[in-house]
>>> print(open('upload_25.txt').read())   # compact mmCIF, C-alpha atoms
# COMPACT_ATOMS: atom_id res chain seq x y z
CA MET A 1 140.67 130.35 155.15
CA THR A 2 139.12 128.55 158.08
CA ASP A 3 138.78 124.78 158.22
CA ASP A 4 135.00 125.00 157.78
CA VAL A 5 135.26 127.12 154.63
CA ARG A 6 137.98 124.88 153.25
CA ASN A 7 135.84 121.79 153.84
CA ILE A 8 132.86 123.42 152.09
CA VAL A 9 135.00 124.39 149.08
CA LEU A 10 136.52 120.91 148.87
CA GLY A 11 133.03 119.37 149.12
CA VAL A 12 131.72 121.56 146.30
CA LEU A 13 134.74 120.71 144.16
CA ALA A 14 134.35 116.99 144.85
CA ALA A 15 130.64 117.12 143.99
CA GLY A 16 131.41 118.99 140.77
CA ILE A 17 134.09 116.49 139.78
CA SER A 18 131.79 113.55 140.56
CA ALA A 19 128.96 115.07 138.54
CA SER A 20 131.30 115.74 135.60
CA LEU A 21 132.67 112.21 135.68
CA GLY A 22 129.15 110.79 135.87
CA TRP A 23 128.02 112.91 132.94
CA LEU A 24 131.10 111.88 130.96
CA ALA A 25 130.50 108.19 131.71
CA ARG A 26 126.83 108.41 130.72
CA THR A 27 127.74 110.25 127.52
CA CYS A 28 130.36 107.64 126.62
CA LEU A 29 127.90 104.80 127.27
CA TRP A 30 125.22 106.54 125.21
CA ARG A 31 127.60 107.10 122.30
CA TRP A 32 128.83 103.51 122.52
CA GLY A 33 125.26 102.22 122.45
CA LEU A 34 124.40 104.54 119.56
CA ARG A 35 127.37 103.32 117.51
CA ARG A 36 126.36 99.71 118.08
CA LYS A 37 122.78 100.50 117.08
CA GLN A 38 123.93 102.36 113.98
CA ALA A 39 126.19 99.44 113.03
CA PHE A 40 123.42 96.87 113.44
CA PHE A 41 120.98 98.82 111.28
CA GLY A 42 123.65 100.01 108.83
CA LEU A 43 122.76 103.63 109.58
CA PRO A 44 125.76 105.84 110.32
CA ALA A 45 125.00 109.45 111.19
CA ASN A 46 123.56 111.51 108.34
CA SER A 47 123.20 108.46 106.10
CA ALA A 48 120.18 107.76 103.92
CA CYS A 49 118.07 104.62 103.80
CA LEU A 50 115.03 103.31 101.93
CA LEU A 51 111.60 102.64 103.39
CA VAL A 52 109.81 100.47 100.84
CA VAL A 53 106.05 100.77 101.27
CA ASN A 54 103.56 98.16 100.18
CA ARG A 55 99.96 98.79 99.14
CA TYR A 56 96.67 98.07 100.83
CA ALA A 57 95.06 95.17 98.98
CA GLY A 58 92.02 96.35 97.06
CA ALA A 59 92.86 100.05 97.45
CA GLU A 60 95.53 101.14 95.00
CA GLY A 61 97.78 103.90 96.30
CA SER A 62 96.86 103.50 99.98
CA VAL A 63 98.61 101.83 102.90
CA HIS A 64 96.97 99.70 105.58
CA ARG A 65 96.88 101.47 108.93
CA TYR A 66 98.96 98.75 110.63
CA ASP A 67 101.59 99.07 107.90
CA ALA A 68 101.53 102.84 108.50
CA PHE A 69 102.17 102.12 112.19
CA ALA A 70 105.06 99.84 111.15
CA LEU A 71 106.55 102.69 109.13
CA LEU A 72 106.27 104.96 112.16
CA GLU A 73 108.14 102.41 114.29
CA LEU A 74 110.91 102.27 111.69
CA SER A 75 111.00 106.04 111.30
CA ALA A 76 111.67 106.38 115.03
CA LEU A 77 114.57 103.89 114.78
CA ILE A 78 116.03 105.77 111.84
CA LYS A 79 115.76 109.10 113.64
CA ASP A 80 117.44 107.64 116.74
CA CYS A 81 120.40 106.69 114.53
CA ALA A 82 120.64 110.28 113.22
CA ALA A 83 119.86 109.04 109.71
CA HIS A 84 117.07 109.93 107.32
CA ALA A 85 114.75 107.90 105.12
CA GLN A 86 113.53 108.06 101.56
CA ILE A 87 110.06 106.56 101.26
CA VAL A 88 109.38 104.72 98.00
CA THR A 89 106.51 102.56 96.86
CA HIS A 90 107.16 98.91 96.21
CA ASP A 91 106.64 99.19 92.45
CA THR A 92 109.02 102.13 91.97
CA ALA A 93 112.00 100.84 94.00
CA GLN A 94 113.87 99.59 90.95
CA GLN A 95 117.40 99.54 92.28
CA GLY A 96 119.89 97.13 93.74
CA PHE A 97 120.64 96.57 97.40
CA GLY A 98 123.72 97.03 99.54
CA GLU A 99 124.50 100.69 98.93
CA ARG A 100 121.87 101.91 101.39
CA THR A 101 120.06 100.21 104.23
CA GLU A 102 116.59 99.15 103.18
CA PHE A 103 113.50 98.41 105.25
CA CYS A 104 110.93 96.50 103.20
CA VAL A 105 107.44 96.05 104.66
CA GLY A 106 104.65 93.72 103.55
CA GLY A 107 104.07 90.30 102.05
CA PRO A 108 104.66 89.38 98.41
CA THR A 109 101.01 89.89 97.45
CA SER A 110 101.17 93.60 98.31
CA ASN A 111 104.87 94.28 97.78
CA GLN A 112 106.59 93.41 94.51
CA ARG A 113 110.01 94.21 95.92
CA MET A 114 109.42 91.84 98.83
CA ALA A 115 108.57 89.11 96.32
CA ALA A 116 111.84 89.82 94.49
CA HIS A 117 113.85 89.74 97.73
CA LEU A 118 112.31 86.41 98.71
CA ARG A 119 113.16 84.86 95.34
CA THR A 120 116.72 86.18 95.40
CA LEU A 121 117.75 86.16 99.04
CA LEU A 122 115.45 83.60 100.70
CA PRO A 123 114.74 80.92 98.09
CA GLY A 124 113.75 78.43 100.78
CA VAL A 125 110.65 80.47 101.64
CA ARG A 126 107.42 79.94 99.75
CA ILE A 127 104.25 81.90 100.48
CA ASN A 128 100.88 80.89 99.08
CA VAL A 129 99.73 83.99 97.19
CA GLU A 130 96.55 82.44 95.82
CA GLN A 131 93.56 84.65 96.56
CA ASP A 132 91.06 81.80 96.80
CA PRO A 133 89.93 81.16 100.39
CA GLY A 134 91.25 78.03 102.02
CA PRO A 135 93.38 76.77 104.90
CA ASP A 136 96.64 77.36 103.00
CA ARG A 137 95.95 80.95 101.95
CA VAL A 138 99.09 83.05 102.76
CA ALA A 139 100.60 80.00 104.47
CA PHE A 140 104.39 80.01 104.84
CA GLN A 141 106.43 77.06 103.70
CA ILE A 142 109.96 77.20 105.06
CA GLY A 143 112.01 74.18 104.22
CA SER A 144 109.77 71.22 104.89
CA GLU A 145 107.47 72.99 107.36
CA ARG A 146 104.25 74.86 106.65
CA TYR A 147 102.80 77.56 108.88
CA ARG A 148 99.14 78.37 108.41
CA LEU A 149 97.30 81.53 109.30
CA GLU A 150 94.58 81.59 111.95
CA PRO A 151 93.36 85.20 111.75
CA GLY A 152 93.37 87.00 115.08
CA THR A 153 94.66 83.93 116.90
CA SER A 154 97.94 82.69 115.46
CA GLU A 155 99.72 84.61 112.71
CA TYR A 156 103.26 84.42 111.39
CA VAL A 157 105.79 86.95 110.17
CA LEU A 158 109.36 86.73 108.90
CA LEU A 159 111.93 89.15 110.27
CA ALA A 160 115.16 89.07 108.29
CA ARG A 161 118.40 91.05 108.20
CA LEU A 162 120.27 90.20 105.02
CA THR A 163 123.56 91.45 103.58
CA GLY A 164 125.20 90.87 100.23
CA GLY A 165 128.79 91.26 101.42
CA GLN A 166 131.08 92.51 104.14
CA ASP A 167 130.77 96.20 103.27
CA ALA A 168 127.17 96.06 102.03
CA ARG A 169 124.38 97.76 103.94
CA PRO A 170 121.69 95.38 105.23
CA VAL A 171 118.21 94.78 103.90
CA PHE A 172 115.56 94.29 106.59
CA LEU A 173 112.45 92.34 105.62
CA PHE A 174 109.18 92.45 107.57
CA CYS A 175 107.07 89.91 105.73
CA GLY A 176 103.86 88.98 107.53
CA GLN A 177 100.68 87.10 106.82
CA ARG A 178 98.65 90.17 107.83
CA ALA A 179 99.42 93.87 108.18
CA ILE A 180 99.31 93.71 111.97
CA THR A 181 102.10 91.13 111.91
CA ASN A 182 104.31 93.55 109.96
CA GLN A 183 103.91 96.07 112.77
CA ALA A 184 104.59 93.34 115.33
CA ALA A 185 107.90 92.53 113.61
CA THR A 186 109.02 96.17 113.49
CA ARG A 187 108.16 96.57 117.16
CA TYR A 188 110.04 93.35 117.96
CA VAL A 189 113.23 94.55 116.28
CA ALA A 190 112.92 97.96 117.96
CA ARG A 191 112.72 96.30 121.38
CA ASN A 192 115.26 93.53 120.80
CA HIS A 193 117.87 94.95 118.44
CA GLU A 194 120.59 94.84 121.11
CA LYS A 195 119.92 91.17 121.84
CA LEU A 196 119.83 90.42 118.11
CA ARG A 197 123.13 92.26 117.62
CA ARG A 198 124.80 90.26 120.38
CA LYS A 199 123.59 86.97 118.92
CA HIS A 200 124.03 87.56 115.19
CA GLY A 201 126.55 90.41 114.94
CA ASP A 202 126.71 91.73 111.38
CA LYS A 203 125.69 88.40 109.82
CA SER A 204 122.49 87.67 107.95
CA PHE A 205 119.62 86.06 109.81
CA CYS A 206 115.98 85.16 109.26
CA LEU A 207 113.63 84.65 112.20
CA LEU A 208 110.11 83.29 112.21
CA LEU A 209 107.85 85.05 114.72
CA LYS A 210 104.32 84.20 115.80
CA VAL A 211 101.87 86.92 116.79
CA VAL A 212 99.57 85.53 119.45
CA ASN A 213 95.92 86.55 119.81
CA SER A 214 96.21 89.84 117.96
CA GLN A 215 92.45 90.38 118.21
CA ALA A 216 92.95 90.90 121.96
CA TYR A 217 96.58 92.03 122.29
CA GLY A 218 97.28 93.73 118.96
CA PRO A 219 100.93 93.53 117.84
CA ASP A 220 102.40 93.31 121.35
CA VAL A 221 102.49 89.57 122.11
CA VAL A 222 105.12 87.98 119.89
CA GLU A 223 106.82 84.61 120.23
CA LEU A 224 110.04 83.59 118.54
CA VAL A 225 109.28 80.35 116.72
CA GLY A 226 112.87 79.89 115.66
CA ASP A 227 115.88 80.91 113.63
CA VAL A 228 115.11 79.65 110.11
CA THR A 229 118.11 81.21 108.35
CA ARG A 230 119.53 77.94 107.05
CA GLU A 231 116.19 76.65 105.76
CA ALA A 232 115.19 80.00 104.26
CA GLN A 233 118.44 80.41 102.33
CA ALA A 234 118.39 76.87 100.93
CA PRO A 235 116.26 75.78 97.95
CA VAL A 236 112.82 74.40 98.77
CA PRO A 237 112.98 70.60 99.15
CA SER A 238 111.13 68.50 96.60
CA THR A 239 109.49 66.31 99.25
CA PRO A 240 105.92 67.14 100.32
CA ALA A 241 105.70 69.70 103.09
CA SER A 242 104.48 68.69 106.52
CA HIS A 243 101.83 70.85 108.15
CA ARG A 244 102.64 72.77 111.30
CA ALA A 245 99.69 73.55 113.55
CA ALA A 246 99.21 77.27 114.05
CA GLY A 247 98.38 76.98 117.69
>>> encode(input="upload_25.txt", output="structure tokens")
Amino acid sequence: MTDDVRNIVLGVLAAGISASLGWLARTCLWRWGLRRKQAFFGLPANSACLLVVNRYAGAEGSVHRYDAFALLELSALIKDCAAHAQIVTHDTAQQGFGERTEFCVGGPTSNQRMAAHLRTLLPGVRINVEQDPGPDRVAFQIGSERYRLEPGTSEYVLLARLTGGQDARPVFLFCGQRAITNQAATRYVARNHEKLRRKHGDKSFCLLLKVVNSQAYGPDVVELVGDVTREAQAPVPSTPASHRAAG
């Protein structure tokens, strides 16, 4: 074998080894990232979860199109984790939590299960469910603060990951003042789950998000108002609530 042939063979072998090592490294990183994602969402491979669907106010049996988009966002997350979902309506999901991961979409006026979760898991949150028009309609009260809705301009949504114990699967709540805010929250968790995992680990958290100018930007422009876990999990104070401007 001449020196030229030997150099060509060695070059081909080196390129093959480098490509194999690169593929192996990328595969390991992908699997590592997938395991972290599965752990955060409580969705090991081939596991089942619940998608709890709310109803479109005034149209029994239908779902608002933005809530349908939210379900699509969640379905993509579930598929990425190699899990599968069982879709149930809010008034038929009569079961406990912790055995399977649950994604619950919609406010308490359109989702009975969301109302139950708020009473049980987030007693510090109060949402005005009165249907009469007024400045406090669907306003959030969290602790001593109140967050009012300004449709199309400034709208709020709660994003929560809650667990009942160390081995319990999480319950994710997407509780918004309008349907478009529910989609905004699902999109937010899809984009930021790695950052949320690094900050909160496997612990419960409740975040208050503000959707800015949805009439122009849809569900894409979202601001983190703050981590309200402590206030949301504590009983509502008896003192009068102060009013937080929605701007």
>>> closest_residue(input="upload_25.txt", among="A:Ala168, A:Ile142, A:Leu207, A:Leu71", to="Asn54 (chain A)", atoms="only C-alpha atoms")
A:Leu71
>>> closest_atom_pairs(input="upload_25.txt", of="region 118-221 of chain A", to="region 100-114 of chain A", cutoff="6 Å", atoms="only C-alpha atoms", output="JSON lines")
{"residue": "A:Arg169", "atom": "CA", "partner": "A:Thr101", "partner_atom": "CA", "distance": 5.0}
{"residue": "A:Pro170", "atom": "CA", "partner": "A:Thr101", "partner_atom": "CA", "distance": 5.2}
{"residue": "A:Val171", "atom": "CA", "partner": "A:Glu102", "partner_atom": "CA", "distance": 4.7}
{"residue": "A:Phe172", "atom": "CA", "partner": "A:Phe103", "partner_atom": "CA", "distance": 4.8}
{"residue": "A:Leu173", "atom": "CA", "partner": "A:Cys104", "partner_atom": "CA", "distance": 5.0}
{"residue": "A:Phe174", "atom": "CA", "partner": "A:Val105", "partner_atom": "CA", "distance": 4.9}
{"residue": "A:Cys175", "atom": "CA", "partner": "A:Gly107", "partner_atom": "CA", "distance": 4.8}
{"residue": "A:Gly176", "atom": "CA", "partner": "A:Gly107", "partner_atom": "CA", "distance": 5.6}
>>> closest_residue(input="upload_25.txt", among="A:Lys203, A:Ala85, A:Ala39, A:Pro219", to="Ala179 (chain A)", atoms="only C-alpha atoms")
A:Pro219
>>> residues_around(input="upload_25.txt", residues="Lys79 (chain A)", least_positions_apart="3", cutoff="12 Å", atoms="only C-alpha atoms", output="ChimeraX atom specification")
/A:34,37-38,41,43-49,72-76,82-85
>>> closest_residue(input="upload_25.txt", among="A:Gln86, A:Ser144, A:Thr163, A:Gln131", to="Gly201 (chain A)", atoms="only C-alpha atoms")
A:Thr163
>>> residues_around(input="upload_25.txt", residues="Ser154 (chain A)", least_positions_apart="2", cutoff="10 Å", atoms="only C-alpha atoms", output="list in words")
Tyr147, Arg148, Leu149, Glu150, Pro151, Gly152, Tyr156, Lys210, Val211, Val212, Asn213, Ser214, Gln215, Val222, Ala245, Ala246 and Gly247 of chain A
>>> write_last_selection(input="upload_25.txt", atoms="C-alpha atoms", output="PDB file, in the frame of the given file")
ATOM      1  CA  TYR A 147     102.800  77.560 108.880  1.00  0.00           C
ATOM      2  CA  ARG A 148      99.140  78.370 108.410  1.00  0.00           C
ATOM      3  CA  LEU A 149      97.300  81.530 109.300  1.00  0.00           C
ATOM      4  CA  GLU A 150      94.580  81.590 111.950  1.00  0.00           C
ATOM      5  CA  PRO A 151      93.360  85.200 111.750  1.00  0.00           C
ATOM      6  CA  GLY A 152      93.370  87.000 115.080  1.00  0.00           C
ATOM      7  CA  TYR A 156     103.260  84.420 111.390  1.00  0.00           C
ATOM      8  CA  LYS A 210     104.320  84.200 115.800  1.00  0.00           C
ATOM      9  CA  VAL A 211     101.870  86.920 116.790  1.00  0.00           C
ATOM     10  CA  VAL A 212      99.570  85.530 119.450  1.00  0.00           C
ATOM     11  CA  ASN A 213      95.920  86.550 119.810  1.00  0.00           C
ATOM     12  CA  SER A 214      96.210  89.840 117.960  1.00  0.00           C
ATOM     13  CA  GLN A 215      92.450  90.380 118.210  1.00  0.00           C
ATOM     14  CA  VAL A 222     105.120  87.980 119.890  1.00  0.00           C
ATOM     15  CA  ALA A 245      99.690  73.550 113.550  1.00  0.00           C
ATOM     16  CA  ALA A 246      99.210  77.270 114.050  1.00  0.00           C
ATOM     17  CA  GLY A 247      98.380  76.980 117.690  1.00  0.00           C
TER      18      GLY A 247
END
>>> atom_distance(input="upload_25.txt", atom1="CA of Gly42 (chain A)", atom2="CA of Thr92 (chain A)")
22.4 Å
>>> closest_residue(input="upload_25.txt", among="A:Arg35, A:Val157, A:Phe40, A:Ala185", to="Lys199 (chain A)", atoms="all atoms listed in the file")
A:Phe40
>>> atom_distance(input="upload_25.txt", atom1="CA of Gln95 (chain A)", atom2="CA of Arg119 (chain A)")
15.6 Å
>>> atom_distance(input="upload_25.txt", atom1="CA of Pro235 (chain A)", atom2="CA of Val129 (chain A)")
18.5 Å
>>> residues_around(input="upload_25.txt", residues="Arg126 (chain A)", least_positions_apart="6", cutoff="10 Å", atoms="only C-alpha atoms", output="list of chain:residue names")
A:Pro108, A:Ala115, A:Leu118, A:Arg119, A:Val138, A:Ala139, A:Phe140, A:Gln141, A:Ile142, A:Gly143, A:Arg146, A:Ala232, A:Pro235, A:Val236
>>> closest_residue(input="upload_25.txt", among="A:Gly33, A:Thr89, A:Thr2, A:Ala160", to="Glu194 (chain A)", atoms="only C-alpha atoms")
A:Gly33
